[in-house]
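Peer 1: Take a look at protein.cif, mmCIF, C-alpha atoms:
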```
data_query
#
loop_
_atom_site.label_atom_id
_atom_site.label_comp_id
_atom_site.auth_asym_id
_atom_site.auth_seq_id
_atom_site.Cartn_x
_atom_site.Cartn_y
_atom_site.Cartn_z
CA MET A 22 22.22 -69.10 -106.65
CA PHE A 23 24.32 -67.35 -104.03
CA SER A 24 22.60 -64.02 -104.63
CA ARG A 25 19.16 -65.60 -104.26
CA ALA A 26 20.08 -67.28 -101.01
CA LEU A 27 21.45 -63.98 -99.69
CA GLN A 28 18.28 -62.21 -100.72
CA ARG A 29 16.09 -64.80 -98.90
CA SER A 30 18.27 -64.53 -95.78
CA TRP A 31 17.90 -60.77 -95.78
CA GLN A 32 14.16 -60.94 -96.15
CA ALA A 33 13.78 -63.63 -93.43
CA GLY A 34 15.99 -61.88 -90.72
CA PRO A 35 14.99 -58.92 -88.47
CA ARG A 36 15.38 -55.55 -89.90
CA PRO A 37 17.66 -52.93 -88.21
CA SER A 38 14.87 -50.32 -87.91
CA THR A 39 12.75 -52.71 -85.85
CA ARG A 40 15.57 -53.25 -83.33
CA LEU A 41 16.23 -49.50 -83.16
CA ALA A 42 12.56 -48.76 -82.37
CA ALA A 43 12.64 -51.41 -79.65
CA VAL A 44 15.63 -49.67 -78.07
CA VAL A 45 14.22 -46.12 -78.37
CA ARG A 46 10.81 -46.88 -76.81
CA PRO A 47 12.17 -47.82 -73.35
CA SER A 48 14.33 -44.70 -73.36
CA ASN A 49 11.29 -42.48 -74.02
CA ALA A 50 9.29 -44.18 -71.25
CA LEU A 51 12.13 -43.65 -68.76
CA ALA A 52 12.35 -39.96 -69.67
CA GLN A 53 8.61 -39.53 -69.17
CA GLN A 54 8.81 -41.23 -65.78
CA GLN A 55 11.65 -38.92 -64.71
CA GLN A 56 9.67 -35.86 -65.81
CA GLN A 57 6.66 -37.02 -63.80
CA GLN A 58 8.87 -37.49 -60.73
CA GLN A 59 10.33 -34.02 -61.17
CA ARG A 60 6.84 -32.47 -61.46
CA HIS A 61 5.70 -34.33 -58.34
CA HIS A 62 8.79 -33.18 -56.40
CA SER A 63 8.27 -29.59 -57.55
CA SER A 64 4.60 -29.70 -56.51
CA SER A 65 5.54 -31.15 -53.11
CA THR A 66 8.15 -28.44 -52.58
CA ARG A 67 5.65 -25.70 -53.40
CA SER A 68 3.19 -27.28 -50.96
CA ASN A 69 5.75 -27.31 -48.15
CA VAL A 70 6.70 -23.67 -48.56
CA GLY A 71 3.24 -22.42 -49.38
CA VAL A 72 2.71 -20.80 -45.91
CA PHE A 73 5.61 -18.47 -46.57
CA THR A 74 4.17 -16.93 -49.67
CA PRO A 75 3.83 -13.12 -49.65
CA ALA A 76 0.06 -13.37 -49.26
CA SER A 77 0.39 -15.67 -46.25
CA ALA A 78 3.03 -13.45 -44.68
CA ALA A 79 0.82 -10.39 -45.12
CA LEU A 80 -2.09 -12.22 -43.52
CA PHE A 81 0.11 -13.26 -40.59
CA VAL A 82 1.31 -9.70 -40.00
CA ALA A 83 -2.22 -8.30 -40.29
CA THR A 84 -3.47 -10.84 -37.75
CA GLY A 85 -0.69 -9.95 -35.31
CA VAL A 86 -1.39 -6.22 -35.61
CA GLY A 87 -5.10 -6.84 -35.15
CA LEU A 88 -4.51 -8.88 -31.98
CA PHE A 89 -2.21 -6.18 -30.60
CA PHE A 90 -4.83 -3.45 -30.98
CA TYR A 91 -7.57 -5.75 -29.71
CA PHE A 92 -5.79 -6.57 -26.47
CA ARG A 93 -4.79 -2.94 -25.99
CA TYR A 94 -8.43 -1.92 -26.39
CA GLU A 95 -9.55 -4.61 -23.93
CA LYS A 96 -6.98 -3.38 -21.40
CA GLU A 97 -8.21 0.20 -21.76
CA GLN A 98 -11.81 -0.94 -21.32
CA LEU A 99 -10.83 -2.88 -18.20
CA LEU A 100 -9.24 0.23 -16.70
CA VAL A 101 -12.36 2.25 -17.55
CA ARG A 102 -14.59 -0.33 -15.88
CA ARG A 103 -12.41 -0.35 -12.78
CA GLU A 104 -12.55 3.44 -12.59
CA GLU A 105 -16.33 3.33 -12.95
CA GLU A 106 -16.54 0.77 -10.16
CA ARG A 107 -14.43 2.98 -7.94
CA ALA A 108 -16.63 5.97 -8.77
CA ASN A 109 -19.74 3.95 -7.97
CA LYS A 110 -18.26 2.96 -4.63
CA GLN A 111 -17.50 6.58 -3.86
CA TYR A 112 -20.98 7.64 -4.89
CA GLY A 113 -23.31 7.57 -1.93
CA ARG A 114 -20.55 7.86 0.65
CA PRO A 115 -20.85 10.76 3.03
CA GLN A 116 -18.73 13.76 2.14
CA ILE A 117 -16.32 13.59 5.05
CA GLY A 118 -13.08 15.52 5.13
CA GLY A 119 -12.02 18.74 3.50
CA PRO A 120 -9.80 21.79 3.88
CA PHE A 121 -8.47 22.69 7.32
CA ASN A 122 -5.63 24.73 8.75
CA LEU A 123 -4.16 23.68 12.09
CA LEU A 124 -0.82 23.62 13.93
CA THR A 125 1.52 20.79 14.95
CA PRO A 126 3.00 20.59 18.49
CA ASP A 127 6.07 22.50 17.29
CA GLY A 128 3.89 25.28 15.87
CA GLN A 129 4.21 24.35 12.19
CA PRO A 130 1.20 24.78 9.86
CA PHE A 131 -0.56 21.56 8.91
CA THR A 132 -3.37 21.31 6.34
CA GLU A 133 -5.30 18.57 4.56
CA GLN A 134 -2.59 18.68 1.88
CA ASN A 135 -0.16 17.12 4.34
CA LEU A 136 -2.32 14.01 4.46
CA LEU A 137 -2.16 13.39 0.71
CA GLY A 138 -0.05 10.54 -0.61
CA LYS A 139 -0.57 8.26 2.38
CA TRP A 140 -3.29 6.49 4.32
CA SER A 141 -4.52 8.34 7.38
CA LEU A 142 -6.53 7.48 10.49
CA VAL A 143 -7.99 10.69 11.90
CA TYR A 144 -9.25 10.88 15.48
CA PHE A 145 -10.80 13.76 17.44
CA GLY A 146 -10.34 14.15 21.19
CA PHE A 147 -8.76 16.33 23.87
CA THR A 148 -5.96 15.98 26.41
CA ASN A 149 -8.12 16.48 29.50
CA CYS A 150 -10.38 13.61 28.48
CA PRO A 151 -11.39 10.86 30.96
CA ASP A 152 -9.54 7.54 30.79
CA ILE A 153 -11.72 6.08 28.00
CA CYS A 154 -10.31 8.39 25.33
CA PRO A 155 -6.60 7.51 25.73
CA GLU A 156 -7.58 3.86 25.39
CA GLU A 157 -9.07 4.73 22.01
CA LEU A 158 -6.05 6.73 20.90
CA ASP A 159 -4.21 4.13 18.87
CA LYS A 160 -4.38 6.40 15.84
CA PRO A 161 -1.78 8.39 13.88
CA VAL A 162 -3.59 11.78 13.61
CA PHE A 163 -5.07 13.40 16.70
CA ILE A 164 -7.11 16.61 16.35
CA SER A 165 -8.01 18.42 19.55
CA VAL A 166 -11.59 19.59 20.07
CA ASP A 167 -10.60 21.67 23.12
CA PRO A 168 -8.81 24.69 21.65
CA ALA A 169 -9.07 26.68 24.89
CA ARG A 170 -6.89 24.33 26.96
CA ASP A 171 -4.98 22.29 24.35
CA THR A 172 -1.97 24.31 23.30
CA PRO A 173 0.47 22.83 20.75
CA SER A 174 3.05 22.03 23.44
CA ARG A 175 0.46 20.38 25.67
CA VAL A 176 -0.77 18.16 22.84
CA GLY A 177 2.82 17.22 21.98
CA LYS A 178 3.54 16.19 25.56
CA TYR A 179 0.26 14.27 25.73
CA LEU A 180 1.07 12.22 22.60
CA GLN A 181 4.51 11.25 23.91
CA ASP A 182 2.76 8.72 26.13
CA PHE A 183 1.53 6.87 23.01
CA HIS A 184 3.93 6.88 20.07
CA SER A 185 6.33 9.28 18.43
CA SER A 186 4.68 8.76 15.04
CA TYR A 187 1.37 10.30 16.12
CA ILE A 188 0.56 13.69 14.68
CA GLY A 189 -1.10 16.14 17.06
CA LEU A 190 -3.06 19.07 15.64
CA VAL A 191 -4.61 22.07 17.34
CA GLY A 192 -6.05 25.38 16.24
CA SER A 193 -8.21 28.33 17.18
CA TYR A 194 -11.85 27.84 18.00
CA GLU A 195 -12.86 28.80 14.45
CA ALA A 196 -10.28 26.49 12.92
CA THR A 197 -11.39 23.66 15.22
CA LYS A 198 -15.03 24.27 14.36
CA ALA A 199 -14.21 24.21 10.63
CA VAL A 200 -12.35 20.90 10.72
CA CYS A 201 -15.03 19.32 12.92
CA LYS A 202 -17.66 20.42 10.43
CA ALA A 203 -15.66 18.97 7.53
CA TYR A 204 -15.43 15.61 9.32
CA ARG A 205 -18.96 15.83 10.74
CA VAL A 206 -17.74 15.70 14.29
CA TYR A 207 -19.84 17.05 17.13
CA PHE A 208 -18.08 18.82 20.01
CA SER A 209 -19.51 20.85 22.86
CA THR A 210 -16.64 23.18 23.77
CA PRO A 211 -18.05 26.70 24.08
CA PRO A 212 -16.33 29.43 22.07
CA ASN A 213 -15.60 31.50 25.19
CA ALA A 214 -14.38 28.62 27.37
CA ASP A 215 -12.00 29.54 30.21
CA PRO A 216 -8.70 27.66 29.80
CA ALA A 217 -8.47 27.46 33.60
CA GLY A 218 -12.05 26.26 33.95
CA ASP A 219 -13.06 22.76 34.97
CA TYR A 220 -15.42 21.82 32.19
CA LEU A 221 -16.07 18.62 30.24
CA VAL A 222 -16.08 18.32 26.46
CA ASP A 223 -18.55 16.04 24.77
CA HIS A 224 -17.64 14.95 21.26
CA SER A 225 -18.17 12.29 18.62
CA ILE A 226 -15.87 9.32 18.99
CA PHE A 227 -15.03 8.03 15.54
CA VAL A 228 -11.87 7.06 13.70
CA TYR A 229 -11.88 8.14 10.07
CA LEU A 230 -9.90 6.23 7.45
CA MET A 231 -8.83 8.49 4.59
CA ASP A 232 -7.17 7.26 1.39
CA PRO A 233 -4.02 8.77 -0.23
CA ASN A 234 -6.22 11.10 -2.30
CA GLY A 235 -7.78 12.56 0.84
CA LYS A 236 -11.07 10.74 0.26
CA PHE A 237 -13.10 9.25 3.08
CA VAL A 238 -13.15 5.44 3.10
CA GLU A 239 -14.54 4.21 6.41
CA ALA A 240 -15.52 5.33 9.91
CA PHE A 241 -14.94 3.12 12.94
CA GLY A 242 -17.02 3.57 16.03
CA GLN A 243 -16.00 3.13 19.62
CA ALA A 244 -17.30 -0.44 19.80
CA VAL A 245 -15.27 -1.75 16.85
CA PRO A 246 -12.41 -4.00 18.06
CA LYS A 247 -8.89 -3.00 17.15
CA GLU A 248 -8.39 -6.27 15.25
CA ASP A 249 -11.42 -5.55 13.04
CA ILE A 250 -10.05 -2.10 12.24
CA ILE A 251 -6.71 -3.60 11.22
CA ASP A 252 -8.39 -6.22 9.02
CA LYS A 253 -10.59 -3.60 7.34
CA VAL A 254 -7.69 -1.25 6.71
CA ARG A 255 -5.65 -4.08 5.18
CA GLU A 256 -8.60 -5.04 2.97
CA VAL A 257 -9.26 -1.57 1.57
CA VAL A 258 -5.54 -0.88 1.08
CA ASN A 259 -5.10 -4.08 -0.94
CA GLU A 260 -8.21 -3.29 -2.97
CA TRP A 261 -7.06 0.26 -3.67
CA GLU A 262 -3.61 -0.91 -4.72
CA GLY A 263 -5.13 -3.52 -7.03
CA GLU A 264 -7.38 -0.94 -8.69
CA THR A 265 -4.83 1.84 -9.04
CA GLY A 266 -1.64 -0.19 -9.44
CA LYS A 267 0.02 2.08 -6.86
CA LYS A 268 1.63 1.45 -3.50
CA VAL A 269 2.08 4.11 -0.84
#
```
The structure in this file should be written as structure tokens.
Peer 2:
Amino acid sequence: MFSRALQRSWQAGPRPSTRLAAVVRPSNALAQQQQQQQRHHSSSTRSNVGVFTPASAALFVATGVGLFFYFRYEKEQLLVRREEERANKQYGRPQIGGPFNLLTPDGQPFTEQNLLGKWSLVYFGFTNCPDICPEELDKPVFISVDPARDTPSRVGKYLQDFHSSYIGLVGSYEATKAVCKAYRVYFSTPPNADPAGDYLVDHSIFVYLMDPNGKFVEAFGQAVPKEDIIDKVREVVNEWEGETGKKV
């Protein structure tokens, strides 16, 4: 009887394999959940660092190099356009100025090369001029159109009444004629004028603004106020410096 009761108790109670399966299943589910979390974390990490992949880095470098050459090209084109604008402004201007060979009050040679590298205001006149001409002589370069009477020393003494920075230039009749022709200045001094004679000299009264390259910029007539000349000079100097990037 005891063995039968034991057999019925064994058959009626839970079997060990069933309990073991119940324990194993939760463990497998937890492992799967951890694996899914690890895959999700790995995917998120790859997403965060994706911009630093070799392909992305190469694209970034290529874009930077392309922008560098693009902006350099645009800068070169801007300089070309500015140079073309300057050339267009020069085109159509009268050809004023050119080679000349004169003397300073101390007898030193002075040519158009001495005017290069700075702005110049060039004025033509003579020392025996009526009062109107000295009133106009607020200019740095004075070229005499009376070579018979205006010696270097006389011109030097004449300019002392104005400012020490003025440059006085004189020359022979042929040299005077050549520089007047280059600047399109009319003067009536005869070639055989008597230095002791009492004669008048008629001449063009203009002030010529020349740039640091020796190119003509503007001519100011006798009626132009001094203030307008100053404003115009300041304007063209600022424009030239902006176009060339130079200051003189």
Peer 1: Considering all atoms listed in the file, state which residue in the set A:Thr172, A:Thr148, A:Ser141, A:Ser165 is at the smallest distance from A:Pro126.
Peer 2: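 Looking only at the distances to A:Pro126, the closest residue turns out to be A:Thr172.
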Peer 1: So, counting only C-alpha atoms, which residue among A:His184, A:Lys178, A:Gly189, A:Leu142 is closest to A:Phe163?
Peer 2: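 Distance minimum relative to A:Phe163 lands on A:Gly189.
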Peer 1: Which residue is closest to A:Thr197? Choose from A:Ile226, A:Ala169, A:Leu136, A:Ala79 and count only C-alpha atoms.
Peer 2: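 Between A:Ile226, A:Ala169, A:Leu136, A:Ala79, the residue approaching A:Thr197 most closely is A:Ala169.
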Peer 1: Can you work out the spacing between atom CA of A:Gly146 and atom CA of A:Gly128 in Å, to one decimal?
Peer 2: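 Distance between the two atoms: 18.8 Å.
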Peer 1: Find, counting all atoms listed in the file, the residue in A:Leu124, A:Ala76, A:Val222, A:Ile188 that gets nearest to A:Phe147.
Peer 2: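 Between A:Leu124, A:Ala76, A:Val222, A:Ile188, the residue approaching A:Phe147 most closely is A:Val222.
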Peer 1: Can you pull out the residues contacting A:Arg255? Cut-off 12 Å, using all atoms listed in the file, and skip same-chain residues under 6 positions away; I want them as a list in words.
Peer 2: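 Residues near the query, excluding close chain neighbours: Trp140, Leu230, Glu248, Asp249, Trp261 and Glu262 of chain A.
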Peer 1: Those same residues, written as a PDB file, in the coordinates of the input with C-alpha atoms?
Peer 2:
```pdb
ATOM      1  CA  TRP A 140      -3.290   6.490   4.320  1.00  0.00           C
ATOM      2  CA  LEU A 230      -9.900   6.230   7.450  1.00  0.00           C
ATOM      3  CA  GLU A 248      -8.390  -6.270  15.250  1.00  0.00           C
ATOM      4  CA  ASP A 249     -11.420  -5.550  13.040  1.00  0.00           C
ATOM      5  CA  TRP A 261      -7.060   0.260  -3.670  1.00  0.00           C
ATOM      6  CA  GLU A 262      -3.610  -0.910  -4.720  1.00  0.00           C
TER       7      GLU A 262
END
```
Peer 1: Tell me, in Å to one decimal, how far atom CA of A:Met231 is from atom CA of A:Val143.
Peer 2: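 Calculated distance between atom CA of A:Met231 and atom CA of A:Val143 is 7.7 Å.
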Peer 1: Could you check which of A:Val258, A:Ile251, A:Val166, A:Val82 is closest to A:Tyr207, using all atoms listed in the file?
Peer 2: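 Ranking A:Val258, A:Ile251, A:Val166, A:Val82 by distance to A:Tyr207, first place goes to A:Val166.
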Peer 1: Which residue, A:Gly138, A:Pro115, A:Gly192, A:Gly263, has the smallest gap to A:Ile164 when you use all atoms listed in the file?
Peer 2: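 Counting all atoms listed in the file, the residue closest to A:Ile164 is A:Gly192.
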